[in-house]
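Q: Structure file target07.txt (compact mmCIF, C-alpha atoms) right here:
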```txt
# COMPACT_ATOMS: atom_id res chain seq x y z
CA MET M 1097 16.61 -14.35 21.71
CA THR M 1098 15.92 -15.49 18.14
CA ALA M 1099 13.53 -13.65 15.88
CA PRO M 1100 10.35 -15.55 14.96
CA PRO M 1101 10.14 -16.82 11.34
CA GLY M 1102 7.63 -14.12 10.42
CA ASP M 1103 10.09 -11.43 11.49
CA ARG M 1104 12.89 -12.99 9.50
CA GLN M 1105 10.67 -13.06 6.43
CA LEU M 1106 9.70 -9.43 6.96
CA ARG M 1107 13.35 -8.42 7.29
CA ARG M 1108 14.18 -10.16 4.03
CA ILE M 1109 11.31 -8.36 2.31
CA GLU M 1110 12.43 -5.02 3.80
CA ARG M 1111 15.94 -5.64 2.49
CA ASP M 1112 14.66 -6.69 -0.94
CA THR M 1113 12.39 -3.64 -1.09
CA LEU M 1114 15.36 -1.38 -0.46
CA ILE M 1115 17.38 -3.19 -3.12
CA VAL M 1116 14.56 -3.00 -5.68
CA GLY M 1117 13.99 0.68 -4.85
CA GLY M 1118 17.68 1.44 -5.17
CA LEU M 1119 17.83 -0.33 -8.52
CA LEU M 1120 14.77 1.56 -9.76
CA THR M 1121 16.30 4.86 -8.64
CA LEU M 1122 19.59 4.08 -10.34
CA GLY M 1123 17.70 2.97 -13.46
CA ALA M 1124 15.76 6.23 -13.51
CA LEU M 1125 18.98 8.22 -13.12
CA ALA M 1126 20.65 6.23 -15.87
CA ALA M 1127 17.72 6.38 -18.28
CA TRP M 1128 16.84 10.06 -17.73
CA PRO M 1129 19.98 11.87 -16.51
CA SER M 1130 18.40 15.26 -17.23
CA ARG M 1131 15.24 14.43 -15.21
CA PRO M 1132 16.21 14.08 -11.54
CA ASP M 1133 12.53 14.45 -10.61
CA ARG M 1134 11.99 10.89 -11.83
CA ALA M 1135 14.63 9.41 -9.53
CA ALA M 1136 13.27 11.61 -6.75
CA GLY M 1137 9.81 10.30 -7.52
CA VAL M 1138 10.95 6.71 -7.05
CA VAL M 1139 12.50 7.65 -3.70
CA GLY M 1140 9.29 9.51 -2.81
CA GLY M 1141 7.19 6.43 -3.60
CA LEU M 1142 9.49 4.30 -1.46
CA LEU M 1143 9.15 6.83 1.35
CA LEU M 1144 5.36 6.67 1.12
CA ILE M 1145 5.25 2.89 1.34
CA ALA M 1146 7.81 2.99 4.17
CA LEU M 1147 5.56 5.38 6.10
CA SER M 1148 2.62 3.07 5.55
CA TYR M 1149 4.65 0.02 6.57
CA GLN M 1150 5.89 1.67 9.74
CA GLY M 1151 2.35 2.70 10.68
CA ILE M 1152 0.94 -0.79 10.11
CA LYS M 1153 3.83 -2.50 11.88
CA ALA M 1154 3.55 -0.19 14.87
CA GLY M 1155 -0.20 -0.81 15.08
CA VAL M 1156 0.13 -4.59 14.83
CA ASP M 1157 2.95 -4.61 17.39
CA ALA M 1158 0.87 -2.44 19.72
CA ALA M 1159 -2.14 -4.72 19.37
CA TRP M 1160 -0.34 -8.05 19.71
CA SER M 1161 2.78 -7.49 21.74
CA PRO M 1162 2.49 -9.49 24.97
CA PRO M 1163 3.55 -8.01 28.30
CA ALA M 1164 7.31 -8.05 28.58
CA ASP M 1165 8.63 -11.06 30.43
CA PRO M 1166 12.31 -10.50 31.15
CA ALA M 1167 12.81 -14.11 32.27
CA ALA M 1168 11.41 -15.75 29.15
CA GLY M 1169 12.34 -13.07 26.64
CA ALA M 1170 9.71 -11.64 24.34
CA ASP M 1171 9.19 -13.02 20.85
CA PHE M 1172 7.75 -9.67 19.75
CA PRO M 1173 9.39 -6.29 19.84
CA VAL M 1174 8.07 -4.61 22.96
CA SER M 1175 6.73 -1.26 21.85
CA ARG M 1176 4.81 1.62 23.34
CA PRO M 1177 1.20 0.74 22.49
CA ARG M 1178 -0.17 4.27 22.56
CA LEU M 1179 2.37 5.59 20.05
CA GLY M 1180 1.82 2.51 17.90
CA PHE M 1181 -1.92 3.11 17.69
CA VAL M 1182 -1.36 6.80 16.94
CA LYS M 1183 0.93 5.85 14.06
CA PHE M 1184 -1.55 3.25 12.83
CA PHE M 1185 -4.62 5.48 12.83
CA THR M 1186 -2.94 8.61 11.46
CA ARG M 1187 -1.03 6.93 8.68
CA HIS M 1188 -3.48 7.79 5.92
CA ALA M 1189 -3.46 11.48 6.81
CA ILE M 1190 0.33 11.48 6.89
CA LEU M 1191 0.45 9.60 3.58
CA ALA M 1192 -1.94 11.97 1.86
CA ALA M 1193 -0.10 15.05 3.12
CA SER M 1194 3.29 13.60 2.14
CA ALA M 1195 2.07 12.60 -1.31
CA TYR M 1196 0.57 16.06 -1.85
CA VAL M 1197 3.80 17.80 -0.83
CA MET M 1198 5.93 15.52 -3.02
CA MET M 1199 3.68 15.79 -6.04
CA ALA M 1200 2.32 19.31 -5.99
CA ARG M 1201 5.11 21.21 -4.21
CA PHE M 1202 8.32 19.32 -4.98
CA GLU M 1203 6.98 18.27 -8.41
CA PHE M 1204 8.24 14.69 -8.25
CA ASP M 1205 7.31 12.61 -11.27
CA PRO M 1206 4.00 10.86 -10.45
CA MET M 1207 4.69 7.77 -12.56
CA ALA M 1208 8.04 7.34 -10.85
CA MET M 1209 6.25 7.58 -7.51
CA LEU M 1210 3.96 4.76 -8.61
CA ALA M 1211 7.05 2.74 -9.55
CA GLY M 1212 8.50 3.38 -6.10
CA VAL M 1213 5.30 2.21 -4.41
CA THR M 1214 5.53 -1.02 -6.44
CA ALA M 1215 8.86 -1.99 -4.83
CA PRO M 1216 7.42 -3.99 -1.87
CA ALA M 1217 5.15 -5.95 -4.21
CA VAL M 1218 8.22 -6.87 -6.28
CA ALA M 1219 10.09 -7.78 -3.09
CA ALA M 1220 7.17 -9.97 -1.93
CA SER M 1221 7.18 -11.71 -5.31
CA ILE M 1222 10.91 -12.34 -4.99
CA GLU M 1223 10.34 -13.74 -1.51
CA SER M 1224 7.57 -16.05 -2.71
CA VAL M 1225 9.80 -17.35 -5.51
CA ARG M 1226 12.58 -17.87 -2.97
CA MET M 1227 10.21 -19.80 -0.69
CA MET M 1228 8.93 -21.95 -3.55
CA ARG M 1229 12.48 -22.79 -4.59
CA ALA M 1230 13.44 -23.64 -1.02
CA ARG M 1231 10.34 -25.80 -0.66
CA SER M 1232 10.98 -27.63 -3.94
CA SER M 1233 14.57 -28.32 -2.92
CA GLY M 1234 13.26 -29.56 0.45
CA SER M 1235 15.44 -27.27 2.53
CA HIS M 1236 14.22 -24.45 4.72
CA SER M 1237 17.60 -23.76 6.18
CA ARG M 1238 18.54 -21.32 3.45
CA LEU M 1239 15.69 -19.04 4.42
CA SER M 1240 16.75 -18.66 8.03
CA MET J 454 -32.22 -12.59 -7.65
CA SER J 455 -29.59 -12.26 -5.00
CA THR J 456 -28.73 -9.07 -3.14
CA ARG J 457 -25.36 -9.02 -4.83
CA SER J 458 -26.93 -9.06 -8.31
CA ILE J 459 -29.30 -6.23 -7.37
CA LEU J 460 -26.40 -4.22 -5.97
CA SER J 461 -24.30 -4.85 -9.09
CA ALA J 462 -27.17 -3.80 -11.38
CA PHE J 463 -27.72 -0.65 -9.31
CA LEU J 464 -24.04 0.24 -9.46
CA MET J 465 -23.94 -0.27 -13.23
CA LEU J 466 -26.98 1.96 -13.64
CA LEU J 467 -25.38 4.57 -11.41
CA VAL J 468 -22.16 4.53 -13.42
CA ALA J 469 -24.08 4.74 -16.70
CA GLY J 470 -26.06 7.67 -15.33
CA LEU J 471 -22.92 9.44 -14.24
CA VAL J 472 -21.16 8.91 -17.54
CA SER J 473 -23.94 9.94 -19.91
CA PRO J 474 -23.75 13.74 -19.33
CA VAL J 475 -20.13 13.68 -20.54
CA TYR J 476 -21.31 12.56 -23.97
CA ALA J 477 -24.03 15.17 -23.99
CA GLN J 478 -21.48 18.00 -24.30
CA ASP J 479 -21.03 19.25 -27.84
CA ALA J 480 -18.64 22.21 -28.06
CA ALA J 481 -14.92 21.42 -27.91
CA GLY J 482 -14.19 23.82 -25.05
CA ALA J 483 -17.15 22.66 -23.06
CA THR J 484 -16.08 19.05 -23.57
CA GLY J 485 -12.63 19.81 -22.21
CA THR J 486 -14.04 21.55 -19.15
CA ALA J 487 -16.50 18.74 -18.57
CA LEU J 488 -13.69 16.21 -18.90
CA VAL J 489 -11.72 18.00 -16.19
CA GLN J 490 -14.75 18.14 -13.93
CA TRP J 491 -15.58 14.50 -14.48
CA SER J 492 -11.96 13.44 -13.98
CA ILE J 493 -12.02 15.10 -10.56
CA ILE J 494 -15.33 13.48 -9.66
CA THR J 495 -14.03 10.14 -10.89
CA ALA J 496 -10.88 10.55 -8.80
CA GLY J 497 -13.00 11.09 -5.71
CA PHE J 498 -15.09 8.01 -6.42
CA ALA J 499 -11.99 5.96 -7.21
CA LEU J 500 -10.43 6.93 -3.88
CA ALA J 501 -13.64 6.12 -2.03
CA ILE J 502 -13.96 2.71 -3.71
CA ALA J 503 -10.28 1.94 -3.10
CA ALA J 504 -10.60 2.91 0.56
CA LEU J 505 -13.71 0.74 0.87
CA GLY J 506 -12.08 -2.26 -0.78
CA GLY J 507 -8.85 -1.82 1.16
CA ALA J 508 -10.70 -1.47 4.45
CA LEU J 509 -12.76 -4.59 3.77
CA GLY J 510 -9.67 -6.57 2.80
CA GLN J 511 -7.67 -5.38 5.78
CA GLY J 512 -10.58 -6.10 8.09
CA ARG J 513 -10.83 -9.65 6.81
CA ALA J 514 -7.08 -10.12 7.13
CA VAL J 515 -7.03 -8.87 10.72
CA ALA J 516 -10.08 -10.98 11.63
CA SER J 517 -8.50 -14.12 10.17
CA ALA J 518 -5.17 -13.43 11.86
CA THR J 519 -6.84 -12.85 15.22
CA GLU J 520 -8.77 -16.08 14.88
CA ALA J 521 -5.64 -17.98 13.84
CA ILE J 522 -3.62 -16.62 16.77
CA ALA J 523 -6.43 -17.51 19.17
CA ARG J 524 -6.47 -21.08 17.83
CA ASN J 525 -2.72 -21.50 17.75
CA PRO J 526 -0.87 -18.98 19.92
CA GLY J 527 2.42 -20.76 19.22
CA ALA J 528 2.30 -19.63 15.58
CA ALA J 529 1.66 -16.00 16.51
CA GLY J 530 5.05 -14.83 15.23
CA GLU J 531 4.59 -16.26 11.75
CA ILE J 532 0.97 -15.11 11.54
CA ARG J 533 1.98 -11.62 12.60
CA GLY J 534 4.61 -11.44 9.86
CA ALA J 535 2.18 -12.65 7.21
CA LEU J 536 -0.44 -10.21 8.50
CA ILE J 537 1.87 -7.21 8.28
CA LEU J 538 2.96 -8.20 4.77
CA GLY J 539 -0.64 -8.66 3.65
CA LEU J 540 -1.73 -5.36 5.12
CA VAL J 541 1.15 -3.53 3.43
CA LEU J 542 0.36 -5.09 0.06
CA ILE J 543 -3.32 -4.13 0.39
CA GLU J 544 -2.29 -0.66 1.47
CA SER J 545 0.01 -0.28 -1.53
CA LEU J 546 -3.01 -0.67 -3.82
CA VAL J 547 -4.80 2.09 -1.95
CA ILE J 548 -1.69 4.27 -2.27
CA TYR J 549 -1.70 3.69 -6.05
CA VAL J 550 -5.22 5.06 -6.23
CA LEU J 551 -4.32 7.91 -3.87
CA LEU J 552 -1.46 8.92 -6.17
CA ILE J 553 -3.62 8.68 -9.29
CA SER J 554 -6.30 10.75 -7.58
CA LEU J 555 -3.73 13.34 -6.55
CA ILE J 556 -2.51 13.47 -10.15
CA LEU J 557 -6.07 14.18 -11.29
CA PHE J 558 -6.71 16.67 -8.47
CA PHE J 559 -3.56 18.75 -8.61
CA LEU J 560 -1.62 18.08 -11.82
CA LYS J 561 -4.75 18.07 -14.02
CA PRO J 562 -3.46 16.02 -16.99
CA PHE J 563 -6.62 16.86 -18.98
CA GLY J 564 -6.00 20.58 -18.69
CA GLY J 565 -8.04 23.05 -16.68
```
Go ahead and express the file in the form of structure tokens.

A:
Amino acid sequence: MTAPPGDRQLRRIERDTLIVGGLLTLGALAAWPSRPDRAAGVVGGLLLIALSYQGIKAGVDAAWSPPADPAAGADFPVSRPRLGFVKFFTRHAILAASAYVMMARFEFDPMAMLAGVTAPAVAASIESVRMMRARSSGSHSRLS
Amino acid sequence: MSTRSILSAFLMLLVAGLVSPVYAQDAAGATGTALVQWSIITAGFALAIAALGGALGQGRAVASATEAIARNPGAAGEIRGALILGLVLIESLVIYVLLISLILFFLKPFGG
């Protein structure tokens, strides 16, 4: 079974998000060695966007996954729809509670959290540049 | 005059009406307290507007993706990937506003 192109693109963006987040965390540690709350804030922001991503992905998979056909093989990950919808509809409550705990209780740096949340946008920009370069060179094979 | 223009004018009037009492404060202490109060009210409105905009954007994205999958079921995998990415990027904007609102609610950068 091969993953559909959309899934491959998502996996690249997930990987790039982790790389960008790791670089931001290392940068925060290097720039402010005496302020670990800033590096923790970046990780906290990444965690928030990861929670949101998981909730959205579970909801979309639950809504659009076809019934499993063992003979043909499913293009989509076959998930438990009920759990997926629960994750999708409760994600904002979980996000708000997590952000409150990180910010008000653990005292993570709020600006660093914003930087952590920015990581997927940076990863999507990197992906779009990569796609444009592949398109201009006329080869899509590098993206697969 | 279109409905959108009327709505925009009403919103501008509403914002102007909400802002004007801040300038009416005269004493320094009172101004600081009012600033804190208004920052909290503004955070609430910002969160509401961000949720509204995010919900509208996500609704449009889901509607378009559903329509596209119904027209071309063979491209469902690619559409699904683009949909998830779009929803996450929209959601990240709402999370920005959530964080800024939480800063104003709990960390109180203007004192209080």

Q: Identify, on the basis of all atoms listed in the file, every residue whose closest approach to Ser545 in chain J does not exceed 12 Å; exclude the query and any residue fewer than 6 positions from it along the same chain; express the result as a PyMOL selection string.

A: (chain M and resi 1141-1149+1152+1188+1191+1209-1218) or (chain J and resi 503-504+507+511+538-539+551-552)

Q: Take the selection from the previous step and output its residues with C-alpha atoms, as a tab-separated table (two decimals), in the frame of the given file.

A:
```tsv
chain	number	residue	atom	x	y	z
M	1141	GLY	CA	7.19	6.43	-3.60
M	1142	LEU	CA	9.49	4.30	-1.46
M	1143	LEU	CA	9.15	6.83	1.35
M	1144	LEU	CA	5.36	6.67	1.12
M	1145	ILE	CA	5.25	2.89	1.34
M	1146	ALA	CA	7.81	2.99	4.17
M	1147	LEU	CA	5.56	5.38	6.10
M	1148	SER	CA	2.62	3.07	5.55
M	1149	TYR	CA	4.65	0.02	6.57
M	1152	ILE	CA	0.94	-0.79	10.11
M	1188	HIS	CA	-3.48	7.79	5.92
M	1191	LEU	CA	0.45	9.60	3.58
M	1209	MET	CA	6.25	7.58	-7.51
M	1210	LEU	CA	3.96	4.76	-8.61
M	1211	ALA	CA	7.05	2.74	-9.55
M	1212	GLY	CA	8.50	3.38	-6.10
M	1213	VAL	CA	5.30	2.21	-4.41
M	1214	THR	CA	5.53	-1.02	-6.44
M	1215	ALA	CA	8.86	-1.99	-4.83
M	1216	PRO	CA	7.42	-3.99	-1.87
M	1217	ALA	CA	5.15	-5.95	-4.21
M	1218	VAL	CA	8.22	-6.87	-6.28
J	503	ALA	CA	-10.28	1.94	-3.10
J	504	ALA	CA	-10.60	2.91	0.56
J	507	GLY	CA	-8.85	-1.82	1.16
J	511	GLN	CA	-7.67	-5.38	5.78
J	538	LEU	CA	2.96	-8.20	4.77
J	539	GLY	CA	-0.64	-8.66	3.65
J	551	LEU	CA	-4.32	7.91	-3.87
J	552	LEU	CA	-1.46	8.92	-6.17
```

Q: Within 7 Å of chain M, which residues of chain J show up? Give each one with its shortest atom-to-atom distance in Å (one decimal) and the two atoms involved, counting only C-alpha atoms, rows by chain then rising residue number, as JSON lines.

A:
```
{"residue": "J:Gly530", "atom": "CA", "partner": "M:Pro1100", "partner_atom": "CA", "distance": 5.4}
{"residue": "J:Glu531", "atom": "CA", "partner": "M:Gly1102", "partner_atom": "CA", "distance": 3.9}
{"residue": "J:Ile532", "atom": "CA", "partner": "M:Gly1102", "partner_atom": "CA", "distance": 6.8}
{"residue": "J:Arg533", "atom": "CA", "partner": "M:Gly1102", "partner_atom": "CA", "distance": 6.6}
{"residue": "J:Gly534", "atom": "CA", "partner": "M:Gly1102", "partner_atom": "CA", "distance": 4.1}
{"residue": "J:Ala535", "atom": "CA", "partner": "M:Gly1102", "partner_atom": "CA", "distance": 6.5}
{"residue": "J:Ile537", "atom": "CA", "partner": "M:Lys1153", "partner_atom": "CA", "distance": 6.2}
{"residue": "J:Val541", "atom": "CA", "partner": "M:Tyr1149", "partner_atom": "CA", "distance": 5.9}
{"residue": "J:Leu542", "atom": "CA", "partner": "M:Ala1217", "partner_atom": "CA", "distance": 6.5}
{"residue": "J:Ser545", "atom": "CA", "partner": "M:Val1213", "partner_atom": "CA", "distance": 6.5}
{"residue": "J:Tyr549", "atom": "CA", "partner": "M:Leu1210", "partner_atom": "CA", "distance": 6.3}
{"residue": "J:Leu555", "atom": "CA", "partner": "M:Tyr1196", "partner_atom": "CA", "distance": 6.9}
{"residue": "J:Phe559", "atom": "CA", "partner": "M:Ala1200", "partner_atom": "CA", "distance": 6.5}
```

Q: Can you measure CA of Ala523 in chain J to CA of Ala1159 in chain M for me? One decimal in Å is fine.

A: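 CA of Ala1159 in chain M lies at a distance of 13.5 Å from CA of Ala523 in chain J.
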
Q: Residues at most 9 Å from Gly564 in chain J, counting only C-alpha atoms, excluding those fewer than 5 positions away in the same chain, as a PDB file with C-alpha atoms, in the frame of the given file?

A:
```pdb
ATOM      1  CA  GLY J 485     -12.630  19.810 -22.210  1.00  0.00           C
ATOM      2  CA  THR J 486     -14.040  21.550 -19.150  1.00  0.00           C
ATOM      3  CA  LEU J 488     -13.690  16.210 -18.900  1.00  0.00           C
ATOM      4  CA  VAL J 489     -11.720  18.000 -16.190  1.00  0.00           C
TER       5      VAL J 489
END
```

Q: Taking the partial coordinates given, rebuild range 487-521 of chain J to contain N, CA and C atoms; return it as an mmCIF file, in the frame of the given file.

A:
```cif
data_model
loop_
_atom_site.group_PDB
_atom_site.id
_atom_site.type_symbol
_atom_site.label_atom_id
_atom_site.label_comp_id
_atom_site.auth_asym_id
_atom_site.auth_seq_id
_atom_site.Cartn_x
_atom_site.Cartn_y
_atom_site.Cartn_z
ATOM 1 N N ALA J 487 -15.731 19.840 -19.172
ATOM 2 C CA ALA J 487 -16.500 18.740 -18.570
ATOM 3 C C ALA J 487 -15.592 17.567 -18.245
ATOM 4 N N LEU J 488 -14.614 17.321 -19.145
ATOM 5 C CA LEU J 488 -13.690 16.210 -18.900
ATOM 6 C C LEU J 488 -12.898 16.426 -17.614
ATOM 7 N N VAL J 489 -12.458 17.682 -17.424
ATOM 8 C CA VAL J 489 -11.720 18.000 -16.190
ATOM 9 C C VAL J 489 -12.608 17.790 -14.978
ATOM 10 N N GLN J 490 -13.830 18.297 -15.058
ATOM 11 C CA GLN J 490 -14.750 18.140 -13.930
ATOM 12 C C GLN J 490 -15.011 16.677 -13.626
ATOM 13 N N TRP J 491 -15.268 15.919 -14.698
ATOM 14 C CA TRP J 491 -15.580 14.500 -14.480
ATOM 15 C C TRP J 491 -14.360 13.721 -14.008
ATOM 16 N N SER J 492 -13.165 14.139 -14.450
ATOM 17 C CA SER J 492 -11.960 13.440 -13.980
ATOM 18 C C SER J 492 -11.800 13.644 -12.475
ATOM 19 N N ILE J 493 -12.139 14.842 -12.001
ATOM 20 C CA ILE J 493 -12.020 15.100 -10.560
ATOM 21 C C ILE J 493 -13.072 14.301 -9.788
ATOM 22 N N ILE J 494 -14.281 14.270 -10.327
ATOM 23 C CA ILE J 494 -15.330 13.480 -9.660
ATOM 24 C C ILE J 494 -14.956 12.001 -9.651
ATOM 25 N N THR J 495 -14.436 11.542 -10.793
ATOM 26 C CA THR J 495 -14.030 10.140 -10.890
ATOM 27 C C THR J 495 -12.914 9.823 -9.898
ATOM 28 N N ALA J 496 -11.977 10.782 -9.752
ATOM 29 C CA ALA J 496 -10.880 10.550 -8.800
ATOM 30 C C ALA J 496 -11.422 10.393 -7.387
ATOM 31 N N GLY J 497 -12.394 11.207 -7.040
ATOM 32 C CA GLY J 497 -13.000 11.090 -5.710
ATOM 33 C C GLY J 497 -13.666 9.747 -5.511
ATOM 34 N N PHE J 498 -14.430 9.320 -6.523
ATOM 35 C CA PHE J 498 -15.090 8.010 -6.420
ATOM 36 C C PHE J 498 -14.064 6.882 -6.362
ATOM 37 N N ALA J 499 -13.016 7.010 -7.192
ATOM 38 C CA ALA J 499 -11.990 5.960 -7.210
ATOM 39 C C ALA J 499 -11.343 5.824 -5.833
ATOM 40 N N LEU J 500 -11.055 6.963 -5.219
ATOM 41 C CA LEU J 500 -10.430 6.930 -3.880
ATOM 42 C C LEU J 500 -11.379 6.309 -2.864
ATOM 43 N N ALA J 501 -12.663 6.674 -2.982
ATOM 44 C CA ALA J 501 -13.640 6.120 -2.030
ATOM 45 C C ALA J 501 -13.760 4.605 -2.204
ATOM 46 N N ILE J 502 -13.818 4.152 -3.467
ATOM 47 C CA ILE J 502 -13.960 2.710 -3.710
ATOM 48 C C ILE J 502 -12.695 1.971 -3.264
ATOM 49 N N ALA J 503 -11.527 2.579 -3.531
ATOM 50 C CA ALA J 503 -10.280 1.940 -3.100
ATOM 51 C C ALA J 503 -10.200 1.857 -1.588
ATOM 52 N N ALA J 504 -10.623 2.927 -0.912
ATOM 53 C CA ALA J 504 -10.600 2.910 0.560
ATOM 54 C C ALA J 504 -11.558 1.849 1.080
ATOM 55 N N LEU J 505 -12.724 1.746 0.449
ATOM 56 C CA LEU J 505 -13.710 0.740 0.870
ATOM 57 C C LEU J 505 -13.157 -0.673 0.686
ATOM 58 N N GLY J 506 -12.623 -0.930 -0.512
ATOM 59 C CA GLY J 506 -12.080 -2.260 -0.780
ATOM 60 C C GLY J 506 -10.906 -2.587 0.127
ATOM 61 N N GLY J 507 -10.011 -1.607 0.291
ATOM 62 C CA GLY J 507 -8.850 -1.820 1.160
ATOM 63 C C GLY J 507 -9.266 -2.073 2.596
ATOM 64 N N ALA J 508 -10.247 -1.305 3.066
ATOM 65 C CA ALA J 508 -10.700 -1.470 4.450
ATOM 66 C C ALA J 508 -11.339 -2.841 4.650
ATOM 67 N N LEU J 509 -12.135 -3.265 3.659
ATOM 68 C CA LEU J 509 -12.760 -4.590 3.770
ATOM 69 C C LEU J 509 -11.698 -5.693 3.785
ATOM 70 N N GLY J 510 -10.728 -5.566 2.875
ATOM 71 C CA GLY J 510 -9.670 -6.570 2.800
ATOM 72 C C GLY J 510 -8.831 -6.596 4.070
ATOM 73 N N GLN J 511 -8.490 -5.420 4.562
ATOM 74 C CA GLN J 511 -7.670 -5.380 5.780
ATOM 75 C C GLN J 511 -8.465 -5.899 6.973
ATOM 76 N N GLY J 512 -9.743 -5.595 7.004
ATOM 77 C CA GLY J 512 -10.580 -6.100 8.090
ATOM 78 C C GLY J 512 -10.641 -7.615 8.094
ATOM 79 N N ARG J 513 -10.800 -8.187 6.906
ATOM 80 C CA ARG J 513 -10.830 -9.650 6.810
ATOM 81 C C ARG J 513 -9.502 -10.260 7.222
ATOM 82 N N ALA J 514 -8.408 -9.592 6.788
ATOM 83 C CA ALA J 514 -7.080 -10.120 7.130
ATOM 84 C C ALA J 514 -6.858 -10.092 8.640
ATOM 85 N N VAL J 515 -7.226 -8.987 9.269
ATOM 86 C CA VAL J 515 -7.030 -8.870 10.720
ATOM 87 C C VAL J 515 -7.918 -9.873 11.454
ATOM 88 N N ALA J 516 -9.169 -10.030 10.977
ATOM 89 C CA ALA J 516 -10.080 -10.980 11.630
ATOM 90 C C ALA J 516 -9.527 -12.396 11.536
ATOM 91 N N SER J 517 -9.042 -12.772 10.345
ATOM 92 C CA SER J 517 -8.500 -14.120 10.170
ATOM 93 C C SER J 517 -7.258 -14.323 11.025
ATOM 94 N N ALA J 518 -6.403 -13.295 11.074
ATOM 95 C CA ALA J 518 -5.170 -13.430 11.860
ATOM 96 C C ALA J 518 -5.493 -13.548 13.351
ATOM 97 N N THR J 519 -6.452 -12.769 13.811
ATOM 98 C CA THR J 519 -6.840 -12.850 15.220
ATOM 99 C C THR J 519 -7.364 -14.237 15.560
ATOM 100 N N GLU J 520 -8.201 -14.748 14.665
ATOM 101 C CA GLU J 520 -8.770 -16.080 14.880
ATOM 102 C C GLU J 520 -7.659 -17.141 14.877
ATOM 103 N N ALA J 521 -6.723 -16.997 13.941
ATOM 104 C CA ALA J 521 -5.640 -17.980 13.840
ATOM 105 C C ALA J 521 -4.748 -17.935 15.079
#
```
